[in-house]
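query_16.cif (mmCIF, C-alpha atoms and all ligand atoms) appears below.
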```cif
data_model
#
loop_
_atom_site.label_atom_id
_atom_site.label_comp_id
_atom_site.auth_asym_id
_atom_site.auth_seq_id
_atom_site.Cartn_x
_atom_site.Cartn_y
_atom_site.Cartn_z
CA MET A 474 -158.22 -30.47 86.59
CA ASP A 475 -160.16 -32.72 88.95
CA PHE A 476 -158.94 -36.24 89.51
CA ASN A 477 -161.64 -38.65 88.42
CA ILE A 478 -161.01 -42.13 89.79
CA ASP A 479 -163.74 -43.75 87.65
CA SER A 480 -162.14 -42.58 84.44
CA TRP A 481 -158.65 -43.69 85.42
CA LEU A 482 -159.85 -47.11 86.54
CA ASN A 483 -161.83 -47.35 83.33
CA LEU A 484 -158.73 -46.54 81.27
CA VAL A 485 -156.36 -48.91 83.06
CA ILE A 486 -158.72 -51.88 83.11
CA ARG A 487 -159.86 -51.25 79.54
CA TRP A 488 -156.28 -51.11 78.29
CA PHE A 489 -155.55 -54.42 80.00
CA HIS A 490 -158.81 -55.96 78.77
CA VAL A 491 -158.18 -55.03 75.16
CA MET A 492 -154.63 -56.42 75.33
CA ALA A 493 -155.75 -59.70 76.91
CA GLY A 494 -158.57 -59.94 74.38
CA ILE A 495 -156.18 -59.44 71.46
CA LEU A 496 -153.98 -62.27 72.76
CA TRP A 497 -156.96 -64.57 73.23
CA ILE A 498 -158.57 -63.86 69.91
CA GLY A 499 -155.20 -64.04 68.21
CA THR A 500 -154.57 -67.53 69.56
CA SER A 501 -158.13 -68.55 68.73
CA PHE A 502 -157.77 -67.54 65.10
CA PHE A 503 -154.28 -69.00 64.92
CA PHE A 504 -155.27 -72.44 66.16
CA ILE A 505 -158.46 -72.62 64.13
CA TRP A 506 -156.45 -71.70 61.06
CA LEU A 507 -153.81 -74.28 61.99
CA ASP A 508 -156.38 -77.04 62.37
CA ASN A 509 -157.77 -76.12 58.98
CA VAL A 510 -154.42 -76.37 57.17
CA LEU A 511 -153.07 -79.50 58.88
CA GLN A 512 -152.45 -82.32 56.42
CA PRO A 513 -152.84 -85.89 57.68
CA GLU A 514 -149.87 -88.12 56.88
CA ALA A 515 -150.08 -91.86 56.29
CA GLU A 516 -147.14 -92.62 58.60
CA GLY A 517 -148.48 -90.21 61.25
CA GLY A 518 -148.75 -92.83 63.98
CA LYS A 519 -151.12 -93.22 66.86
CA GLY A 520 -153.62 -90.42 67.43
CA HIS A 521 -152.13 -88.46 64.54
CA VAL A 522 -154.28 -85.62 63.21
CA GLY A 523 -152.06 -83.77 60.76
CA LYS A 524 -148.89 -81.82 60.10
CA ALA A 525 -148.04 -78.40 58.76
CA TRP A 526 -144.97 -76.30 58.05
CA LEU A 527 -145.09 -72.65 59.05
CA PHE A 528 -142.67 -69.86 58.26
CA HIS A 529 -142.44 -66.91 60.65
CA GLY A 530 -139.85 -64.75 62.34
CA GLY A 531 -137.09 -66.10 60.18
CA GLY A 532 -137.62 -69.76 60.90
CA PHE A 533 -139.48 -72.89 59.82
CA TYR A 534 -141.87 -74.43 62.32
CA ARG A 535 -142.92 -78.01 61.99
CA VAL A 536 -146.27 -78.53 63.72
CA ASP A 537 -147.65 -81.98 64.34
CA LYS A 538 -151.08 -82.41 65.94
CA ALA A 539 -152.03 -85.61 67.75
CA ILE A 540 -154.66 -86.48 70.32
CA VAL A 541 -152.21 -88.64 72.26
CA ALA A 542 -148.76 -87.69 73.51
CA PRO A 543 -145.78 -89.57 74.94
CA ALA A 544 -145.32 -89.01 78.67
CA SER A 545 -141.80 -87.69 77.98
CA ILE A 546 -143.03 -84.37 76.54
CA LEU A 547 -145.59 -83.55 79.21
CA ASP A 548 -143.29 -81.41 81.34
CA SER A 549 -142.58 -79.00 78.51
CA LEU A 550 -146.18 -78.73 77.33
CA HIS A 551 -147.55 -75.20 76.73
CA TRP A 552 -151.14 -74.62 77.75
CA PHE A 553 -153.35 -71.76 76.64
CA LYS A 554 -155.84 -70.53 79.17
CA TRP A 555 -154.70 -67.30 80.81
CA GLU A 556 -155.56 -65.23 77.74
CA ALA A 557 -159.16 -66.34 78.21
CA TYR A 558 -159.32 -66.02 81.98
CA LEU A 559 -157.68 -62.59 82.09
CA THR A 560 -159.89 -61.29 79.31
CA TRP A 561 -162.97 -62.40 81.20
CA LEU A 562 -161.80 -61.13 84.59
CA SER A 563 -160.83 -57.72 83.27
CA GLY A 564 -164.05 -57.55 81.24
CA PHE A 565 -166.10 -58.33 84.32
CA ALA A 566 -164.23 -55.65 86.28
CA LEU A 567 -164.92 -53.16 83.50
CA LEU A 568 -168.59 -54.09 83.49
CA ILE A 569 -168.74 -53.27 87.18
CA VAL A 570 -166.72 -50.05 86.96
CA VAL A 571 -168.45 -48.65 83.91
CA TYR A 572 -171.97 -50.07 83.89
CA TRP A 573 -172.92 -51.42 87.29
CA TRP A 574 -171.24 -48.71 89.34
CA ARG A 575 -173.50 -46.17 87.69
CA ALA A 576 -176.37 -48.47 86.82
CA ASP A 577 -178.81 -45.56 87.04
CA LEU A 578 -176.96 -43.83 84.22
CA TYR A 579 -175.85 -46.64 81.97
CA MET A 580 -178.00 -49.72 82.61
CA ILE A 581 -181.45 -48.19 82.84
CA ASP A 582 -183.59 -46.36 80.32
CA PRO A 583 -186.91 -45.48 81.97
CA ALA A 584 -188.48 -45.34 78.50
CA VAL A 585 -187.61 -49.04 78.03
CA ALA A 586 -188.35 -50.35 81.52
CA PRO A 587 -188.57 -48.48 84.83
CA LEU A 588 -186.08 -50.61 86.75
CA SER A 589 -184.21 -49.92 89.95
CA ALA A 590 -180.40 -50.07 89.88
CA THR A 591 -180.51 -53.34 91.83
CA GLN A 592 -182.93 -54.87 89.37
CA ALA A 593 -180.82 -53.79 86.41
CA ILE A 594 -177.66 -55.27 87.94
CA GLY A 595 -179.60 -58.43 88.84
CA ILE A 596 -180.68 -58.78 85.23
CA GLY A 597 -177.07 -58.30 84.18
CA LEU A 598 -175.78 -61.02 86.50
CA ALA A 599 -178.61 -63.39 85.62
CA THR A 600 -177.83 -62.89 81.93
CA LEU A 601 -174.27 -64.13 82.45
CA VAL A 602 -175.26 -67.14 84.55
CA ILE A 603 -178.37 -68.23 82.66
CA GLY A 604 -176.69 -67.62 79.29
CA TRP A 605 -173.95 -70.10 80.14
CA LEU A 606 -176.23 -72.69 81.77
CA ALA A 607 -178.64 -72.67 78.83
CA TYR A 608 -175.92 -72.90 76.17
CA ASP A 609 -173.92 -75.54 78.03
CA GLY A 610 -177.06 -77.54 78.82
CA VAL A 611 -178.12 -77.62 75.18
CA TRP A 612 -174.70 -78.76 73.98
CA ARG A 613 -174.22 -81.35 76.72
CA ALA A 614 -177.62 -82.83 75.97
CA LEU A 615 -177.59 -82.68 72.18
CA GLY A 616 -174.03 -81.89 71.07
CA GLU A 617 -173.14 -85.43 70.10
CA ARG A 618 -176.49 -86.81 69.05
CA ALA A 619 -177.93 -83.87 67.19
CA PRO A 620 -175.44 -81.02 66.74
CA LYS A 621 -177.57 -79.28 64.11
CA LEU A 622 -180.52 -79.20 66.46
CA ALA A 623 -178.26 -77.90 69.24
CA LEU A 624 -177.03 -75.15 66.92
CA GLY A 625 -180.59 -74.22 65.94
CA ILE A 626 -181.72 -74.06 69.55
CA SER A 627 -178.66 -71.99 70.51
CA LEU A 628 -179.38 -69.45 67.78
CA VAL A 629 -183.04 -69.17 68.77
CA LEU A 630 -182.01 -68.72 72.40
CA TYR A 631 -179.60 -65.98 71.39
CA VAL A 632 -182.31 -64.10 69.50
CA ALA A 633 -184.59 -64.42 72.54
CA ALA A 634 -181.84 -63.09 74.81
CA ALA A 635 -181.16 -60.15 72.47
CA TYR A 636 -184.87 -59.34 72.39
CA ALA A 637 -185.27 -59.62 76.16
CA LEU A 638 -182.19 -57.54 76.97
CA THR A 639 -183.14 -54.71 74.62
CA HIS A 640 -186.61 -54.65 76.17
CA LEU A 641 -185.32 -54.48 79.72
CA LEU A 642 -182.13 -52.42 79.71
CA SER A 643 -180.92 -49.24 78.06
CA GLY A 644 -179.86 -49.89 74.48
CA ARG A 645 -176.15 -49.61 75.10
CA ALA A 646 -176.32 -51.77 78.23
CA ALA A 647 -178.36 -54.39 76.35
CA PHE A 648 -175.69 -54.58 73.62
CA MET A 649 -172.92 -54.70 76.20
CA MET A 650 -174.65 -57.39 78.28
CA SER A 651 -175.25 -59.44 75.16
CA GLY A 652 -171.50 -59.26 74.44
CA ALA A 653 -170.68 -60.02 78.07
CA MET A 654 -172.99 -63.05 77.96
CA LEU A 655 -171.26 -64.44 74.87
CA GLY A 656 -167.84 -63.58 76.33
CA THR A 657 -168.79 -65.46 79.49
CA ILE A 658 -169.83 -68.47 77.45
CA MET A 659 -166.46 -68.34 75.70
CA ALA A 660 -164.44 -68.12 78.92
CA ALA A 661 -166.57 -70.80 80.57
CA ASN A 662 -166.01 -73.04 77.54
CA VAL A 663 -162.31 -72.82 78.35
CA ALA A 664 -162.69 -73.25 82.12
CA MET A 665 -165.49 -75.81 82.22
CA VAL A 666 -165.00 -77.96 79.13
CA ILE A 667 -161.74 -77.43 77.26
CA MET A 668 -159.40 -77.36 80.28
CA PRO A 669 -161.09 -80.23 82.21
CA ASN A 670 -161.07 -82.39 79.10
CA GLN A 671 -157.43 -81.57 78.42
CA ARG A 672 -156.56 -82.38 82.02
CA LYS A 673 -158.09 -85.82 81.53
CA MET A 674 -156.15 -86.29 78.31
CA TYR A 675 -153.02 -85.20 80.15
CA ALA A 676 -153.68 -87.66 82.98
CA ALA A 677 -154.15 -90.47 80.47
CA ALA A 678 -150.88 -89.55 78.76
CA THR A 679 -149.08 -89.46 82.12
CA ALA A 680 -150.32 -92.96 82.81
CA GLY A 681 -148.99 -93.98 79.42
CA GLY A 682 -152.49 -94.69 78.15
CA GLU A 683 -154.94 -93.20 75.71
CA ALA A 684 -157.80 -90.86 76.57
CA ASP A 685 -161.29 -91.17 75.17
CA PRO A 686 -161.14 -89.40 71.78
CA ARG A 687 -164.49 -87.77 72.59
CA LEU A 688 -162.66 -85.55 75.09
CA SER A 689 -160.66 -84.09 72.25
CA TYR A 690 -163.70 -83.82 70.05
CA GLN A 691 -165.73 -81.94 72.68
CA ALA A 692 -162.88 -79.55 73.45
CA LYS A 693 -162.41 -78.84 69.76
CA ARG A 694 -166.12 -78.15 69.32
CA ARG A 695 -166.18 -75.60 72.15
CA SER A 696 -163.01 -74.02 70.88
CA THR A 697 -164.62 -73.67 67.45
CA HIS A 698 -167.70 -72.07 69.01
CA ASN A 699 -165.42 -69.59 70.73
CA ASN A 700 -163.85 -68.68 67.44
CA TYR A 701 -167.25 -68.06 65.85
CA LEU A 702 -168.31 -65.83 68.72
CA THR A 703 -165.28 -63.52 68.52
CA LEU A 704 -166.51 -61.24 65.73
CA PRO A 705 -170.01 -60.72 67.15
CA VAL A 706 -168.55 -60.08 70.61
CA ILE A 707 -166.07 -57.51 69.32
CA PHE A 708 -168.89 -55.63 67.62
CA MET A 709 -170.91 -55.63 70.85
CA MET A 710 -167.92 -54.37 72.83
CA ILE A 711 -167.33 -51.39 70.55
CA SER A 712 -171.03 -50.76 69.89
CA ASN A 713 -171.38 -48.28 72.76
CA HIS A 714 -169.57 -45.73 70.57
CA PHE A 715 -172.25 -46.08 67.90
CA SER A 716 -175.57 -44.85 69.19
CA MET A 717 -177.22 -45.36 65.78
CA THR A 718 -177.05 -49.11 66.49
CA TRP A 719 -178.26 -49.44 70.09
CA GLY A 720 -180.31 -46.25 69.93
CA HIS A 721 -182.37 -47.51 66.98
CA ALA A 722 -186.06 -48.15 67.62
CA MET A 723 -185.57 -51.79 66.48
CA ASN A 724 -182.20 -52.18 68.15
CA TRP A 725 -182.73 -55.89 68.90
CA LEU A 726 -182.88 -56.61 65.17
CA ILE A 727 -179.65 -54.67 64.59
CA LEU A 728 -178.04 -56.68 67.36
CA VAL A 729 -179.16 -59.97 65.82
CA GLY A 730 -178.09 -58.67 62.39
CA MET A 731 -174.59 -57.83 63.58
CA PHE A 732 -174.38 -61.26 65.20
CA GLY A 733 -175.27 -62.80 61.83
CA VAL A 734 -172.70 -60.68 59.97
CA GLY A 735 -169.96 -61.72 62.44
CA ILE A 736 -170.77 -65.43 62.22
CA GLY A 737 -171.03 -65.31 58.42
CA VAL A 738 -167.69 -63.55 57.98
CA ASP A 739 -166.00 -65.88 60.43
CA HIS A 740 -167.34 -68.94 58.65
CA PHE A 741 -166.16 -67.58 55.35
CA LEU A 742 -162.64 -67.11 56.72
CA ASN A 743 -162.60 -70.61 58.18
CA SER A 744 -163.95 -72.39 55.13
CA ARG A 745 -161.50 -70.53 52.91
CA ASP A 746 -158.66 -71.87 55.06
CA LYS A 747 -160.06 -75.35 54.62
CA GLY A 748 -160.04 -74.91 50.86
CA SER A 749 -163.80 -74.72 50.39
CA LYS A 750 -165.38 -71.47 49.32
CA GLY A 751 -167.88 -70.82 52.11
CA ILE A 752 -169.72 -68.61 49.67
CA GLY A 753 -173.08 -69.42 51.25
CA TYR A 754 -171.93 -67.74 54.39
CA VAL A 755 -170.71 -64.66 52.57
CA ALA A 756 -174.25 -64.48 51.27
CA LEU A 757 -175.52 -64.88 54.83
CA ALA A 758 -173.26 -62.10 56.12
CA ALA A 759 -174.24 -59.91 53.16
CA ALA A 760 -177.93 -60.55 53.78
CA PHE A 761 -177.63 -59.48 57.40
CA ALA A 762 -175.54 -56.46 56.41
CA ALA A 763 -178.22 -55.52 53.88
CA LEU A 764 -180.88 -55.86 56.55
CA ILE A 765 -178.97 -53.44 58.78
CA ALA A 766 -178.43 -51.02 55.90
CA VAL A 767 -182.15 -51.04 55.11
CA MET A 768 -182.97 -50.46 58.75
CA ALA A 769 -180.44 -47.65 59.02
CA PHE A 770 -181.76 -45.83 55.98
CA THR A 771 -185.48 -46.46 55.85
CA ALA A 772 -186.50 -47.08 59.41
CA ALA A 773 -184.78 -44.10 60.99
CA PRO A 774 -186.26 -43.74 64.45
CA ALA A 775 -189.34 -41.59 64.56
CA PRO A 776 -188.72 -38.16 66.02
CA PRO A 777 -191.09 -36.98 68.74
CA ALA A 778 -194.53 -36.35 67.28
CA SER A 779 -194.33 -32.61 67.68
CA ALA A 780 -191.35 -32.54 65.32
CA ALA A 781 -193.26 -34.23 62.52
CA ASN A 782 -194.59 -30.99 61.11
CA ALA A 783 -191.75 -28.94 62.48
CA ARG A 784 -190.82 -27.44 59.16
CA ALA A 785 -194.32 -26.11 58.73
CA SER A 786 -194.58 -24.82 62.27
CA ALA A 787 -193.56 -21.37 63.41
CA PRO A 788 -189.79 -20.75 63.52
CA VAL A 789 -188.32 -21.75 66.85
CA ALA A 790 -186.45 -18.95 68.57
CA PHE A 791 -182.84 -19.82 69.24
CA ALA A 792 -183.14 -18.33 72.72
CA SER A 793 -185.56 -21.07 73.77
CA VAL A 794 -183.23 -23.74 72.33
CA GLN A 795 -180.28 -22.34 74.19
CA ALA A 796 -182.34 -22.21 77.38
CA ILE A 797 -183.23 -25.91 77.03
CA ILE A 798 -179.63 -26.87 76.39
CA ALA A 799 -178.45 -24.75 79.30
CA THR A 800 -180.78 -26.51 81.73
CA ARG A 801 -180.58 -30.05 80.33
CA CYS A 802 -177.09 -30.44 78.86
CA VAL A 803 -174.61 -27.83 80.09
CA GLU A 804 -174.38 -29.41 83.54
CA CYS A 805 -172.03 -31.91 81.84
CA HIS A 806 -171.25 -30.36 78.44
CA SER A 807 -169.43 -27.23 79.44
CA ALA A 808 -165.92 -25.90 79.81
CA HIS A 809 -166.76 -25.86 83.54
CA PRO A 810 -169.28 -28.63 84.20
CA THR A 811 -171.20 -28.40 87.44
CA SER A 812 -171.81 -32.14 87.33
CA LYS A 813 -169.90 -34.05 90.00
CA LEU A 814 -169.93 -37.12 87.80
CA PHE A 815 -168.35 -35.48 84.80
CA PRO A 816 -165.90 -32.78 85.85
CA ILE A 817 -164.58 -32.70 82.28
CA ALA A 818 -166.88 -32.17 79.27
CA PRO A 819 -167.64 -35.72 78.00
CA ASN A 820 -166.11 -36.40 74.57
CA GLY A 821 -165.02 -32.75 74.55
CA MET A 822 -168.62 -31.75 73.74
CA LYS A 823 -169.35 -28.25 75.07
CA PHE A 824 -172.53 -26.27 74.54
CA ASP A 825 -171.69 -23.02 76.33
CA THR A 826 -171.92 -20.76 73.29
CA PRO A 827 -174.22 -20.51 70.24
CA ASP A 828 -171.25 -21.36 68.03
CA GLU A 829 -170.57 -24.55 69.93
CA ILE A 830 -174.24 -25.53 69.73
CA LYS A 831 -174.43 -24.78 66.01
CA LEU A 832 -171.27 -26.74 65.31
CA ALA A 833 -172.60 -29.80 67.16
CA ALA A 834 -176.13 -29.61 65.71
CA ALA A 835 -175.92 -32.91 63.82
CA LYS A 836 -174.58 -34.75 66.85
CA ILE A 837 -177.16 -33.16 69.11
CA LYS A 838 -179.85 -34.43 66.74
CA LEU A 839 -178.41 -37.95 66.84
CA MET A 840 -177.95 -38.06 70.60
CA ALA A 841 -180.96 -36.14 71.91
CA ILE A 842 -183.61 -36.64 69.21
CA ASP A 843 -183.01 -39.71 67.04
CA THR A 844 -181.72 -41.99 69.76
CA GLN A 845 -182.53 -40.07 72.95
CA ALA A 846 -179.26 -41.36 74.38
CA MET A 847 -178.80 -37.88 75.87
CA PRO A 848 -179.19 -36.45 78.42
CA LEU A 849 -177.41 -39.44 79.89
CA GLY A 850 -179.89 -41.51 81.94
CA ASN A 851 -182.09 -38.41 81.51
CA LEU A 852 -180.54 -37.21 84.76
CA THR A 853 -181.50 -33.63 83.95
CA GLN A 854 -185.09 -34.70 83.23
CA MET A 855 -185.54 -33.34 79.75
CA THR A 856 -189.22 -33.37 78.76
CA GLU A 857 -190.78 -34.64 75.52
CA GLN A 858 -191.95 -31.12 74.85
CA GLU A 859 -188.38 -29.84 75.06
CA ARG A 860 -187.23 -32.56 72.70
CA GLY A 861 -189.99 -31.48 70.36
CA THR A 862 -188.79 -27.86 70.42
CA LEU A 863 -185.18 -28.95 69.86
CA ALA A 864 -186.27 -31.28 67.03
CA ALA A 865 -188.25 -28.53 65.36
CA TRP A 866 -185.30 -26.14 65.53
CA LEU A 867 -183.01 -28.81 64.07
CA ALA A 868 -185.52 -29.58 61.32
CA GLN A 869 -185.60 -25.88 60.44
CA GLY A 870 -181.87 -26.01 59.76
CA ALA A 871 -180.64 -25.19 63.28
CA PRO A 872 -180.58 -21.42 62.66
CA VAL A 873 -178.48 -19.30 64.99
CA PRO A 874 -179.19 -15.55 64.71
CA ASP A 875 -176.38 -13.36 63.42
CA GLY A 876 -174.55 -11.46 66.05
CA SER A 877 -175.22 -13.94 68.84
CA THR A 878 -171.88 -14.02 70.52
CA ALA A 879 -170.11 -16.14 73.04
CA ARG A 880 -171.29 -15.59 76.55
C1 LIG A 901 -175.13 -36.27 83.15
C2 LIG A 901 -174.20 -35.78 82.17
C3 LIG A 901 -174.69 -35.50 80.78
C4 LIG A 901 -175.75 -34.72 80.39
C5 LIG A 901 -176.71 -33.95 81.27
C6 LIG A 901 -175.74 -34.73 78.96
N1 LIG A 901 -174.72 -35.49 78.48
FE1 LIG A 901 -174.18 -35.73 76.56
N2 LIG A 901 -172.65 -36.96 77.12
C7 LIG A 901 -172.41 -37.35 78.40
C8 LIG A 901 -171.36 -38.35 78.39
C9 LIG A 901 -170.79 -39.05 79.59
C10 LIG A 901 -170.99 -38.52 77.03
C11 LIG A 901 -169.90 -39.43 76.50
C12 LIG A 901 -170.45 -40.52 75.72
C13 LIG A 901 -170.65 -41.73 76.48
O1 LIG A 901 -169.79 -42.11 77.30
O2 LIG A 901 -171.67 -42.33 76.24
C14 LIG A 901 -171.81 -37.62 76.28
C15 LIG A 901 -171.70 -37.47 74.91
C16 LIG A 901 -172.49 -36.60 74.17
C17 LIG A 901 -172.29 -36.32 72.77
C18 LIG A 901 -171.14 -36.84 71.94
C19 LIG A 901 -171.43 -38.00 71.11
C20 LIG A 901 -170.26 -38.29 70.21
O3 LIG A 901 -170.48 -39.02 69.27
O4 LIG A 901 -169.13 -37.84 70.47
C21 LIG A 901 -173.28 -35.46 72.40
C22 LIG A 901 -173.50 -34.86 71.03
C23 LIG A 901 -174.08 -35.21 73.57
N3 LIG A 901 -173.58 -35.92 74.63
C24 LIG A 901 -175.18 -34.39 73.57
C25 LIG A 901 -175.90 -34.07 74.71
C26 LIG A 901 -177.07 -33.21 74.70
C27 LIG A 901 -177.66 -32.56 73.47
C28 LIG A 901 -177.50 -33.13 75.99
C29 LIG A 901 -178.70 -32.40 76.50
C30 LIG A 901 -179.93 -32.65 75.85
C31 LIG A 901 -176.59 -33.92 76.80
N4 LIG A 901 -175.65 -34.48 75.98
C32 LIG A 901 -176.67 -34.04 78.18
C33 LIG A 901 -172.98 -36.87 79.54
C34 LIG A 901 -174.07 -36.00 79.57
#
```
Would it be possible to restate this file's structure as structure tokens?
Ligand code: HEC
Amino acid sequence: MDFNIDSWLNLVIRWFHVMAGILWIGTSFFFIWLDNVLQPEAEGGKGHVGKAWLFHGGGFYRVDKAIVAPASILDSLHWFKWEAYLTWLSGFALLIVVYWWRADLYMIDPAVAPLSATQAIGIGLATLVIGWLAYDGVWRALGERAPKLALGISLVLYVAAAYALTHLLSGRAAFMMSGAMLGTIMAANVAMVIMPNQRKMYAAATAGGEADPRLSYQAKRRSTHNNYLTLPVIFMMISNHFSMTWGHAMNWLILVGMFGVGIGVDHFLNSRDKGSKGIGYVALAAAFAALIAVMAFTAAPAPPASAANARASAPVAFASVQAIIATRCVECHSAHPTSKLFPIAPNGMKFDTPDEIKLAAAKIKLMAIDTQAMPLGNLTQMTEQERGTLAAWLAQGAPVPDGSTAR
């Protein structure tokens, strides 16, 4: 078996990235939950926020939150930042190894926009930088005076970004870049707002004084934003396995819908912790989920025009289907791929024999007709006419003549 450095790098970095992400998201949910259950106490003292008792691992924990601290405890203070930084760094590395390394395959869909690899990578980088600058700018300018307006503008900007990305990049890259943009905002929130503000609070405590309470307030706000972004980002990170989402003709709306579902569910969880019902947000999440369901069922992507009356047209000979698959797919999807990029059949999908083709018919329809995600990057230059033939054969029930045997 050939050694494939891309795949091994992909595996190692991805493993690390998922682990770091679990730690980060775990702490995010833990602290948001903690803040929501803290009970203020009358005798709490200066800067007191609240207290809670926790029970875990066979012991009682007494947690006491304050926005000031005595200088005596500062040496033993635990900070939380590496989860965020390592998640971002490994995610960025993965973006390069998987998407930018082979931008021609994964970033670009000539049917969406005929970009060069450099342009596609440039758009990717710009998305990360501009996404952060725009979000941070809005919240610095309006966060204190008009937080609702800032929220509204942020949401509109997100929808615009989702629309732009899906109209520039391949569907899966657009979803991934949208997730990377939000992930970058989250990590930058830690590096550029939460940590600097906490360092100022720390310095004030060292000097035996009191920091401006707004520092705490701003850090908490960004930390809350991060929590709300986790569910949408996780969807975007796993979305590349689900071509019916990014491969949909209206994929930008699915992306926005999934974002809405994530935010709604997260808000429900948080308001439940606080003791309120958050039912409005369940409704919000349900509405977005319903939107996606409607899109999935009714607005199935249109097959190539020639397939429209496929059932009525003359039966397609299996031989011509097999010839198309042999020239356009088998380079990668074979027990012995000739592709240098994929020395092992991707996802174990092989189309060497009629049986293998028949068995995979539904997946072939999804990947090559409904979403046109295959051939990957259309490297093998499948034509619309060939898709039409394949679609017609699939619409006729994907018949394989009796007695056709393995080659
Ligand atoms: C240049 C290599 C290449 C070519 C050519 C190619 N594929 Fe793929 N295919 C892949 C890769 C890589 C994957 C793995 C999925 C991924 O990483 O996106 C894949 C995955 C698939 C899957 C599996 C999806 C799943 O859910 O497991 C199907 C089905 C598929 N391809 C069908 C086709 C068909 C049909 C053609 C020809 C029309 C084709 N592919 C041509 C590289 C290729």
### Task
Show me which residues sit within 9 Å of ligand LIG 901 (chain A) when counting only C-alpha atoms and all ligand atoms, and put them as an NGL selection string.
:A and (578-579 or 645 or 713-716 or 797-806 or 810 or 812-815 or 818-824 or 830 or 833-842 or 845-855 or 859-860 or 863)
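Using all atoms listed in the file, the protein and nucleic acid residues lying no more than 8 Å from A:Met659, apart from those fewer than 4 places from it along its own chain, are A:Ala557, A:Leu655, A:Val663, A:His698, A:Asn699, A:Leu702.
Minimum atom-to-atom distance to A:Tyr534, evaluated using all atoms listed in the file, belongs to A:Leu507 out of A:Leu507, A:Leu568, A:Leu547, A:Leu704.
Each of A:Ala864, A:Val541, A:Ile486, A:Met768 was checked against A:Pro686 using all atoms listed in the file; the smallest atom-to-atom distance is that of A:Val541.
Of note, atom CA of A:Lys519 and atom CA of A:Ile540 are spaced 8.4 Å apart.
Each of A:Ala634, A:Leu642, A:Ala759, A:Leu511 was checked against A:Val729 using only C-alpha atoms; the smallest atom-to-atom distance is that of A:Ala634.
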### Query
Which of these, A:Val706, A:Ala646, A:Leu622, A:Leu527, has the shortest distance to A:Asp577 once you count all atoms listed in the file?
A:Ala646
#### Entry: Gap from atom CA of A:Gly737 to atom CA of A:Tyr754 - Å, one decimal
4.8 Å
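Closest approach to A:Ala680 among A:Thr826, A:Ser545, A:Ile594, A:Trp488 is made by A:Ser545 (distances from only C-alpha atoms).
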